[in-house]
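Below is input.cif, holding mmCIF, C-alpha atoms.
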data_structure
loop_
_atom_site.label_atom_id
_atom_site.label_comp_id
_atom_site.auth_asym_id
_atom_site.auth_seq_id
_atom_site.Cartn_x
_atom_site.Cartn_y
_atom_site.Cartn_z
CA MET B 1 -31.94 -1.92 141.17
CA SER B 2 -31.70 0.58 138.37
CA ASN B 3 -28.52 2.29 137.41
CA ARG B 4 -27.60 5.08 135.09
CA PHE B 5 -27.77 2.70 132.12
CA HIS B 6 -31.39 1.85 132.75
CA LYS B 7 -32.80 5.28 133.56
CA ASP B 8 -34.99 5.34 130.49
CA LEU B 9 -36.36 1.86 131.28
CA ALA B 10 -37.15 2.54 134.89
CA VAL B 11 -40.05 4.78 133.91
CA LEU B 12 -41.59 2.09 131.71
CA PRO B 13 -43.82 -0.75 132.88
CA ARG B 14 -42.14 -4.16 133.02
CA GLU B 15 -44.43 -5.57 130.30
CA ALA B 16 -43.38 -2.82 127.91
CA VAL B 17 -39.69 -3.55 128.53
CA GLU B 18 -40.34 -7.28 128.04
CA ALA B 19 -42.14 -6.57 124.78
CA THR B 20 -39.27 -4.36 123.58
CA TYR B 21 -36.81 -7.08 124.55
CA ALA B 22 -38.79 -9.74 122.66
CA SER B 23 -39.02 -7.59 119.52
CA THR B 24 -35.28 -6.78 119.68
CA ILE B 25 -34.44 -10.49 119.97
CA ALA B 26 -36.74 -11.21 117.00
CA GLN B 27 -34.94 -8.56 114.95
CA VAL B 28 -31.54 -10.00 115.89
CA ASN B 29 -32.70 -13.47 114.83
CA ARG B 30 -34.05 -12.14 111.57
CA LEU B 31 -30.78 -10.40 110.80
CA ASP B 32 -28.79 -13.55 111.63
CA GLU B 33 -30.97 -15.61 109.31
CA GLU B 34 -30.60 -13.01 106.58
CA ARG B 35 -26.83 -13.02 107.02
CA GLN B 36 -26.71 -16.79 106.76
CA ARG B 37 -28.81 -16.62 103.57
CA LEU B 38 -26.55 -13.93 102.13
CA TYR B 39 -23.49 -16.05 102.78
CA MET B 40 -25.10 -19.03 101.06
CA ASP B 41 -26.04 -16.91 98.07
CA LYS B 42 -22.52 -15.53 97.91
CA LYS B 43 -21.11 -19.04 97.98
CA LEU B 44 -23.48 -20.14 95.21
CA ARG B 45 -22.41 -17.20 93.06
CA SER B 46 -18.78 -17.96 93.69
CA GLU B 47 -19.31 -21.61 92.63
CA VAL B 48 -21.12 -20.58 89.46
CA ILE B 49 -18.30 -18.21 88.55
CA LYS B 50 -15.74 -20.95 89.18
CA PHE B 51 -17.70 -23.25 86.87
CA ALA B 52 -17.98 -20.54 84.24
CA VAL B 53 -14.23 -19.94 84.22
CA ASN B 54 -13.49 -23.67 84.16
CA LYS B 55 -12.03 -23.94 87.65
CA ILE B 56 -14.49 -26.66 88.55
CA GLN B 57 -16.05 -29.20 86.21
CA GLN B 58 -19.54 -29.53 87.70
CA PRO B 59 -21.98 -26.64 88.23
CA PRO B 60 -23.47 -26.19 91.71
CA LEU B 61 -27.00 -27.36 92.31
CA ILE B 62 -29.45 -24.46 92.37
CA ASP B 63 -32.44 -25.26 94.57
CA HIS B 64 -34.53 -22.28 93.54
CA PRO B 65 -33.77 -21.48 89.90
CA GLU B 66 -36.54 -18.90 89.81
CA LEU B 67 -34.66 -16.83 92.39
CA HIS B 68 -31.31 -17.08 90.60
CA ALA B 69 -32.13 -16.47 86.96
CA ASN B 70 -28.71 -15.03 86.15
CA LEU B 71 -26.90 -17.99 87.72
CA VAL B 72 -28.99 -20.42 85.69
CA GLN B 73 -28.26 -18.30 82.63
CA ALA B 74 -24.51 -18.44 83.33
CA ILE B 75 -24.62 -22.23 83.67
CA ASN B 76 -26.59 -22.60 80.44
CA GLU B 77 -24.23 -20.25 78.61
CA LYS B 78 -21.23 -22.22 79.87
CA HIS B 79 -22.81 -25.47 78.59
CA GLU B 80 -23.40 -23.84 75.21
CA PHE B 81 -19.84 -22.47 75.12
CA ASP B 82 -18.45 -25.94 75.95
CA ARG B 83 -20.56 -27.49 73.19
CA LEU B 84 -19.25 -25.03 70.61
CA LEU B 85 -15.69 -25.40 71.86
CA ASN B 86 -15.91 -29.19 71.51
CA GLY B 87 -17.29 -28.73 67.99
CA ARG B 88 -14.37 -26.51 67.08
CA ASP B 89 -11.84 -28.91 68.63
CA GLU B 90 -13.37 -31.85 66.76
CA LEU B 91 -13.14 -29.94 63.49
CA THR B 92 -9.52 -29.03 64.16
CA ALA B 93 -8.66 -32.62 65.03
CA ARG B 94 -10.46 -33.87 61.92
CA LEU B 95 -8.80 -31.52 59.43
CA ALA B 96 -5.50 -30.79 61.21
CA VAL B 97 -4.50 -27.92 58.88
CA PRO B 98 -5.80 -24.34 59.25
CA ARG B 99 -7.89 -22.98 56.40
CA HIS B 100 -5.48 -20.22 55.35
CA ARG B 101 -2.65 -22.76 54.98
CA LEU B 102 -4.89 -24.95 52.83
CA VAL B 103 -5.74 -22.07 50.52
CA GLN B 104 -2.07 -21.15 50.27
CA ALA B 105 -1.03 -24.73 49.42
CA MET B 106 -3.88 -25.12 46.91
CA GLY B 107 -2.70 -22.03 45.04
CA SER B 108 0.85 -23.29 44.97
CA PHE B 109 -0.15 -26.79 43.79
CA TYR B 110 -2.43 -25.39 41.10
CA GLU B 111 0.35 -23.22 39.77
CA ARG B 112 2.89 -26.05 39.73
CA LEU B 113 0.44 -28.35 37.94
CA THR B 114 -0.73 -25.92 35.28
CA VAL B 115 1.92 -23.26 34.63
CA SER B 116 4.56 -24.17 32.02
CA THR B 117 8.12 -24.28 33.27
CA LYS B 118 11.47 -25.56 32.09
CA ALA B 119 11.90 -29.33 31.88
CA SER B 120 14.33 -29.28 34.80
CA GLU B 121 11.80 -27.50 37.06
CA ALA B 122 8.69 -29.42 36.00
CA PRO B 123 7.30 -31.86 38.59
CA HIS B 124 7.53 -35.58 37.88
CA LEU B 125 4.50 -37.70 37.26
CA ALA B 126 4.50 -39.11 40.84
CA ALA B 127 4.62 -35.59 42.26
CA GLU B 128 1.84 -34.49 39.92
CA MET B 129 -0.38 -37.36 41.02
CA GLU B 130 0.29 -36.52 44.69
CA MET B 131 -0.45 -32.82 44.12
CA PHE B 132 -3.60 -33.60 42.13
CA SER B 133 -4.88 -35.81 44.95
CA LYS B 134 -3.93 -33.31 47.68
CA PHE B 135 -5.45 -30.39 45.75
CA PHE B 136 -8.90 -31.96 45.77
CA GLU B 137 -8.55 -33.17 49.34
CA MET B 138 -7.73 -29.59 50.37
CA GLN B 139 -10.66 -28.34 48.33
CA ALA B 140 -12.92 -30.67 50.31
CA MET B 141 -11.30 -29.51 53.58
CA VAL B 142 -11.83 -25.84 52.76
CA ARG B 143 -15.48 -26.60 51.95
CA VAL B 144 -15.84 -28.28 55.34
CA TYR B 145 -14.33 -25.20 57.00
CA ASP B 146 -16.71 -22.97 55.05
CA GLY B 147 -19.61 -25.15 56.11
CA HIS B 148 -18.66 -24.44 59.73
CA GLN B 149 -17.93 -20.77 59.12
CA GLY B 150 -20.50 -19.71 61.69
CA LEU B 151 -18.88 -21.86 64.36
CA HIS B 152 -16.15 -19.37 65.20
CA ALA B 153 -18.54 -16.44 65.26
CA GLU B 154 -20.92 -18.45 67.47
CA LEU B 155 -18.06 -19.40 69.76
CA ASP B 156 -17.00 -15.77 70.08
CA ASP B 157 -20.57 -14.71 70.79
CA ALA B 158 -20.97 -17.44 73.40
CA ARG B 159 -17.69 -16.45 75.07
CA ARG B 160 -18.70 -12.79 75.12
CA ALA B 161 -22.17 -13.55 76.50
CA LEU B 162 -20.72 -15.78 79.22
CA LEU B 163 -18.18 -13.14 80.24
CA GLU B 164 -20.89 -10.50 80.41
CA THR B 165 -23.03 -12.71 82.64
CA VAL B 166 -20.05 -13.47 84.87
CA LYS B 167 -19.31 -9.75 85.13
CA ALA B 168 -22.92 -9.08 86.09
CA ILE B 169 -22.74 -11.80 88.78
CA ASN B 170 -19.51 -10.27 90.05
CA ARG B 171 -21.16 -6.87 90.26
CA GLU B 172 -24.00 -8.41 92.24
CA ASP B 173 -21.47 -10.10 94.45
CA ARG B 174 -20.07 -6.72 95.44
CA LYS B 175 -23.58 -5.61 96.33
CA PHE B 176 -23.89 -8.74 98.49
CA THR B 177 -20.77 -7.75 100.38
CA GLN B 178 -22.26 -4.32 101.00
CA ARG B 179 -25.47 -5.91 102.22
CA LEU B 180 -23.52 -8.19 104.54
CA ASN B 181 -21.67 -5.22 106.01
CA ALA B 182 -24.95 -3.35 106.44
CA ASN B 183 -26.43 -6.40 108.17
CA ASN B 184 -23.52 -6.48 110.61
CA GLU B 185 -23.86 -2.79 111.26
CA GLN B 186 -27.56 -3.23 112.03
CA SER B 187 -27.10 -6.30 114.18
CA ARG B 188 -24.41 -4.95 116.51
CA PRO B 189 -26.41 -2.13 118.22
CA LEU B 190 -29.48 -4.36 118.41
CA ARG B 191 -27.49 -7.00 120.31
CA ARG B 192 -26.14 -4.35 122.60
CA GLU B 193 -29.65 -3.06 123.25
CA ALA B 194 -30.96 -6.59 123.83
CA GLY B 195 -28.18 -7.17 126.36
CA ARG B 196 -29.05 -3.96 128.12
CA LEU B 197 -32.77 -4.81 128.25
CA ARG B 198 -32.03 -8.32 129.52
CA ALA B 199 -29.74 -7.00 132.25
CA TYR B 200 -32.50 -4.64 133.33
CA LEU B 201 -35.15 -7.37 133.31
CA LYS B 202 -32.93 -9.75 135.24
CA GLY B 203 -32.75 -7.16 137.99
CA ILE B 204 -36.55 -7.25 138.46
CA PRO B 205 -37.57 -10.06 140.83
CA GLY B 206 -39.85 -12.67 139.29
CA THR B 207 -38.69 -12.16 135.73
CA ASN B 208 -36.66 -14.65 133.82
CA PRO B 209 -35.80 -13.17 130.45
CA ALA B 210 -34.68 -15.54 127.71
CA PRO B 211 -30.98 -15.25 126.93
CA VAL B 212 -29.84 -13.15 123.99
CA PRO B 213 -29.11 -15.58 121.14
CA GLU B 214 -25.43 -16.27 120.96
CA GLN B 215 -23.65 -14.25 118.36
CA VAL B 216 -22.80 -16.60 115.60
CA GLU B 217 -19.27 -15.89 114.60
CA GLU B 218 -18.58 -14.71 111.10
CA PHE B 219 -16.38 -17.72 110.39
CA THR B 220 -18.99 -20.18 111.61
CA LEU B 221 -21.58 -18.59 109.36
CA ARG B 222 -19.26 -18.80 106.43
CA LEU B 223 -18.43 -22.42 107.18
CA ALA B 224 -22.11 -23.26 107.45
CA ALA B 225 -22.63 -21.68 104.03
CA GLY B 226 -19.97 -23.96 102.62
CA ASN B 227 -17.26 -21.35 102.23
CA SER B 228 -13.63 -22.03 102.89
CA LEU B 229 -11.48 -20.29 105.46
CA SER B 230 -7.92 -19.19 105.32
CA ILE B 231 -5.25 -20.67 107.58
CA GLU B 232 -5.19 -17.47 109.64
CA GLU B 233 -8.95 -17.67 110.14
CA PHE B 234 -8.68 -21.29 111.24
CA ALA B 235 -5.95 -20.32 113.66
CA ALA B 236 -8.16 -17.56 115.06
CA MET B 237 -11.06 -20.03 115.47
CA LEU B 238 -8.87 -22.52 117.29
CA GLU B 239 -7.60 -19.80 119.56
CA HIS B 240 -11.09 -18.60 120.46
CA GLY B 241 -12.68 -22.02 120.73
CA GLY B 242 -14.60 -21.86 117.49
CA LEU B 243 -13.90 -25.48 116.68
CA THR B 244 -14.99 -26.94 120.01
CA LYS B 245 -17.88 -28.84 118.46
CA PHE B 246 -15.62 -30.75 116.16
CA GLU B 247 -14.99 -34.35 117.01
CA GLU B 248 -11.76 -35.01 118.71
CA THR B 249 -9.32 -36.68 116.46
CA GLU B 250 -7.12 -39.50 117.55
CA ALA B 251 -3.77 -38.55 118.89
CA PRO B 252 -1.19 -38.79 116.16
CA ALA B 253 1.11 -41.76 116.32
CA ALA B 254 4.35 -41.11 118.10
CA ILE B 255 6.98 -39.83 115.74
CA PRO B 256 9.92 -42.23 115.69
CA LYS B 257 12.98 -40.80 117.29
CA LYS B 258 15.59 -39.49 115.00
CA ARG B 259 19.04 -40.91 115.20
CA SER B 260 21.09 -38.66 117.35
CA THR B 261 23.73 -36.85 115.41
CA THR B 262 26.47 -34.65 116.57
CA ALA B 263 25.81 -30.98 116.42
CA MET B 264 28.96 -30.32 114.48
CA ARG B 265 29.09 -31.16 110.84
CA ARG B 266 31.60 -33.86 110.14
CA ALA B 267 33.70 -32.93 107.19
CA GLU B 268 34.79 -36.03 105.39
CA PRO B 269 36.03 -36.57 101.89
CA ARG B 270 33.28 -37.84 99.59
CA ARG B 271 35.64 -39.94 97.59
CA GLY B 272 38.84 -41.69 98.57
CA ARG B 273 40.62 -41.04 101.78
CA ARG B 274 43.10 -38.55 102.85
CA ARG B 275 46.52 -40.13 102.90
CA PRO B 276 48.89 -39.32 105.72
CA GLY B 277 51.39 -36.73 104.50
CA LYS B 278 54.79 -35.83 105.67
CA ARG B 279 53.45 -33.46 108.31
CA ASP B 280 51.19 -36.09 109.80
CA PRO B 281 52.66 -37.86 112.81
CA MET Z 1 -5.82 -17.21 41.99
CA GLN Z 2 -8.59 -16.39 44.45
CA THR Z 3 -9.99 -18.93 46.90
CA GLY Z 4 -13.33 -19.00 45.11
CA ASP Z 5 -11.63 -19.82 41.80
CA LEU Z 6 -9.59 -22.59 43.44
CA LEU Z 7 -12.78 -24.06 44.88
CA ASP Z 8 -14.38 -24.04 41.44
CA VAL Z 9 -11.59 -26.09 39.84
CA THR Z 10 -12.93 -29.50 38.78
CA PRO Z 11 -10.86 -32.68 38.25
CA GLU Z 12 -11.69 -32.56 34.51
CA ALA Z 13 -10.43 -28.99 34.21
CA LEU Z 14 -7.26 -29.72 36.17
CA VAL Z 15 -6.49 -32.86 34.12
CA LYS Z 16 -6.94 -30.84 30.94
CA ALA Z 17 -4.65 -28.10 32.24
CA ILE Z 18 -2.00 -30.68 33.17
CA VAL Z 19 -2.21 -32.31 29.73
CA ARG Z 20 -1.91 -28.90 28.10
CA ARG Z 21 1.18 -28.08 30.14
CA ARG Z 22 2.68 -31.50 29.52
CA LYS Z 23 2.11 -31.18 25.77
CA ALA Z 24 3.73 -27.74 25.76
CA LEU Z 25 6.69 -29.17 27.63
CA ALA Z 26 6.88 -32.19 25.29
CA SER Z 27 7.05 -29.90 22.26
CA THR Z 28 10.19 -28.19 23.63
CA LEU Z 29 11.98 -31.36 24.64
CA PRO Z 30 13.21 -32.69 21.23
CA LYS Z 31 15.01 -29.42 20.57
CA GLU Z 32 16.42 -29.44 24.07
CA LEU Z 33 17.55 -33.03 23.63
CA GLU Z 34 19.22 -32.20 20.36
CA ARG Z 35 21.04 -29.25 21.93
CA ARG Z 36 22.20 -31.27 24.90
CA THR Z 37 23.37 -34.17 22.72
CA GLU Z 38 25.37 -31.79 20.58
CA GLU Z 39 26.83 -30.17 23.67
CA ASN Z 40 27.73 -33.56 25.09
CA ASP Z 41 29.43 -34.62 21.85
CA ARG Z 42 31.47 -31.45 21.92
CA ALA Z 43 32.46 -32.08 25.53
CA TYR Z 44 33.54 -35.64 24.70
CA ALA Z 45 35.63 -34.42 21.83
CA LEU Z 46 37.37 -31.92 24.07
CA ALA Z 47 37.94 -34.34 26.90
CA LYS Z 48 39.28 -37.20 24.74
CA PRO Z 49 42.32 -36.46 22.61
CA PRO Z 50 41.97 -37.82 19.04
CA LYS Z 51 43.59 -41.20 18.35
CA GLY Z 52 47.18 -41.05 17.21
CA ALA Z 53 47.89 -37.69 18.80
CA SER Z 54 51.54 -37.29 19.75
CA GLU Z 55 52.86 -36.44 23.22
CA LYS Z 56 53.55 -32.97 21.95
CA ASP Z 57 49.81 -32.44 21.43
CA GLU Z 58 49.01 -33.39 25.02
CA GLN Z 59 46.98 -30.73 26.85
CA ASN Z 60 48.13 -29.23 30.07
CA PRO Z 61 46.47 -30.75 33.21
CA GLU Z 62 44.42 -27.68 34.08
CA VAL Z 63 42.72 -27.54 30.69
CA GLU Z 64 42.24 -31.30 30.81
CA GLU Z 65 40.51 -31.06 34.17
CA GLU Z 66 38.34 -28.24 32.95
CA ASN Z 67 37.29 -30.25 29.91
CA GLU Z 68 36.51 -33.26 32.07
CA THR Z 69 34.34 -31.18 34.39
CA PHE Z 70 32.49 -29.78 31.37
CA ARG Z 71 31.98 -33.28 30.00
CA ARG Z 72 30.56 -34.54 33.28
CA ARG Z 73 28.21 -31.59 33.47
CA THR Z 74 26.91 -32.13 29.96
CA VAL Z 75 26.34 -35.83 30.66
CA SER Z 76 24.24 -34.86 33.66
CA ARG Z 77 22.25 -32.32 31.63
CA LEU Z 78 21.72 -34.79 28.84
CA TRP Z 79 20.42 -37.43 31.23
CA SER Z 80 18.08 -34.91 32.83
CA VAL Z 81 16.55 -34.16 29.44
CA ARG Z 82 16.33 -37.85 28.57
CA HIS Z 83 14.55 -38.50 31.88
CA ALA Z 84 12.25 -35.55 31.22
CA VAL Z 85 11.39 -37.02 27.81
CA GLU Z 86 10.61 -40.41 29.33
CA ASP Z 87 8.64 -38.86 32.19
CA THR Z 88 6.70 -36.63 29.83
CA GLU Z 89 5.75 -39.57 27.60
CA GLU Z 90 4.64 -41.55 30.63
CA ALA Z 91 2.80 -38.57 32.15
CA LEU Z 92 1.05 -37.72 28.89
CA ALA Z 93 -0.14 -41.30 28.55
CA PHE Z 94 -1.35 -41.26 32.16
CA TRP Z 95 -3.11 -37.88 32.10
CA THR Z 96 -4.63 -38.56 28.69
CA GLN Z 97 -6.14 -41.70 30.15
CA MET Z 98 -7.34 -39.61 33.12
CA GLU Z 99 -9.18 -37.33 30.71
CA THR Z 100 -11.71 -40.13 30.31
CA GLY Z 101 -12.65 -39.62 33.97
CA ASP Z 102 -10.61 -42.45 35.43
CA TRP Z 103 -9.25 -40.37 38.35
CA GLY Z 104 -11.30 -42.02 41.10
CA HIS Z 105 -8.31 -43.48 42.91
CA LEU Z 106 -6.72 -40.03 43.11
CA LEU Z 107 -9.71 -38.58 44.91
CA GLU Z 108 -9.99 -41.12 47.72
CA ASP Z 109 -8.75 -38.67 50.39
CA ALA Z 110 -11.09 -35.94 49.15
CA ARG Z 111 -14.03 -38.34 49.26
CA ARG Z 112 -13.20 -39.44 52.81
CA VAL Z 113 -13.16 -35.79 53.97
CA GLU Z 114 -16.43 -35.07 52.16
CA GLU Z 115 -18.02 -38.04 53.89
CA GLY Z 116 -17.04 -36.67 57.31
CA GLY Z 117 -13.83 -38.59 57.77
CA LYS Z 118 -10.41 -37.34 58.83
CA SER Z 119 -8.00 -35.69 56.45
CA SER Z 120 -4.81 -37.50 55.48
CA TYR Z 121 -2.91 -34.89 57.52
CA ALA Z 122 -4.95 -35.71 60.62
CA LEU Z 123 -4.47 -39.43 60.03
CA ARG Z 124 -0.73 -38.98 59.62
CA LYS Z 125 -0.59 -36.91 62.79
CA LYS Z 126 -2.51 -39.57 64.68
CA SER Z 127 -0.29 -42.38 63.44
CA GLU Z 128 2.78 -40.35 64.45
CA VAL Z 129 1.32 -39.88 67.93
CA ASP Z 130 0.47 -43.59 68.13
CA GLU Z 131 4.00 -44.49 67.13
CA VAL Z 132 5.37 -42.32 69.91
#
Give the structure from the file, written as structure tokens.
Amino acid sequence: MSNRFHKDLAVLPREAVEATYASTIAQVNRLDEERQRLYMDKKLRSEVIKFAVNKIQQPPLIDHPELHANLVQAINEKHEFDRLLNGRDELTARLAVPRHRLVQAMGSFYERLTVSTKASEAPHLAAEMEMFSKFFEMQAMVRVYDGHQGLHAELDDARRALLETVKAINREDRKFTQRLNANNEQSRPLRREAGRLRAYLKGIPGTNPAPVPEQVEEFTLRLAAGNSLSIEEFAAMLEHGGLTKFEETEAPAAIPKKRSTTAMRRAEPRRGRRRPGKRDP
Amino acid sequence: MQTGDLLDVTPEALVKAIVRRRKALASTLPKELERRTEENDRAYALAKPPKGASEKDEQNPEVEEENETFRRRTVSRLWSVRHAVEDTEEALAFWTQMETGDWGHLLEDARRVEEGGKSSYALRKKSEVDEV
């Protein structure tokens, strides 16, 4: 009944082995749950980063904001950055000319209107009126720019703050990957041990140990967390039956037969026709 | 001129500066007109041979062409000065009237910007886009 793999168990009472088995299974379950949670957190972080860098338009919904303070902060900073960006764009659309160009043109207009020149170089009355009007319009525009002087600085600050937060989330993300690897490392020997204990218990008459929980595949966990998979990963899942629970899709409609064509390419003139020459029979 | 100084310029000050410049220009114009008229008379005299001149006195074609070119140039210069005189008179009358503070219609664009509206450049850009 016992073999060389179960020598250490043979000396223990059955109840003790059963208890060890139960605790091992509990640990495996706990690690699986933790892995699932880690994947979901990773996905949430990835979505927040995508929103922060404008790859998606809507932020993800955060169920427990108290647990993800930095993600909430990133979303708020992105909203603030967008608000400032819109303000700047509105100002640009409203005034249409950059401030430095306005100042330059004002100086030039002022000089042409006030500095004495030769009669041939002096502006005409119509041009003077135009310049007078434009000078004061530009003056008003520069004042508007000056009134929003803080906008650019605020925008820069908001951009910097958002980038810092995104960097921090990215750093955390790397830690998550390490934690996921550690989780896998922990889970593997525990599953092996659980299998060994179960095999031993099955060999004792009158015992019916519960099966070791099925190992949830990495891909399945990632899918459950809402992550995407690459084509290669999908192919691997199909090959190993990972998509068996999916509903069967209807068979695709028959593809209409192609017109049969000769294997050889027929060389024909595109325009006109070849006329029979002297050498033709 | 520094940006701050340009922002401190008032319509009154600018109108006064324009009037001052226009007056300075107007004071130089009569002399200029006189000089150009004299130059033009001289060019006419060169280009047109005096009445009763014999065939012997006829100028060679090259000199004749040169004189004609000079005459045309002086006419153009004379007209420029005459236009400048007219424009200066008109401008002085206009800007002198503006000195009373009647420049409201010239500051419509500035007022629109001050009130939060679009600049004339933005409006022009928009109308160009709409046209396209």
Quiz item: Please, what distance in Å, to one decimal, runs between CA of Leu78 in chain Z and CA of Arg36 in chain Z?
Solution: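 CA of Leu78 in chain Z sits 5.3 Å away from CA of Arg36 in chain Z.
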Practice problem: Provide the CA of Asn3 in chain B to CA of Ala22 in chain B distance in Å, to one decimal place. | Solution: 21.6 Å
Exercise. State, in Å with one decimal place, the distance from CA of Thr37 in chain Z to CA of Glu128 in chain B.
Key: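 These two atoms are separated by 27.6 Å.
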Practice problem: Find, counting only C-alpha atoms, the residue in Z:Ala84, Z:Leu14, Z:Ala110, Z:Ser76 that gets nearest to Lys118 in chain B. | Solution: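 Selected residue with least distance to Lys118 in chain B: Z:Ala84.
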Quiz item: Closest to Gln36 in chain B among B:Val72, B:Leu91, B:Leu180, B:Ala10, using all atoms listed in the file?
Solution: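 Using all atoms listed in the file, Gln36 in chain B sits closest to B:Leu180.
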Practice problem: Hey, list the chain B side of the contact with chain Z: 10 Å cut-off, all atoms listed in the file, answer as a ChimeraX atom specification. | Solution: /B:91-97,100,102-104,106-108,110-126,128-144
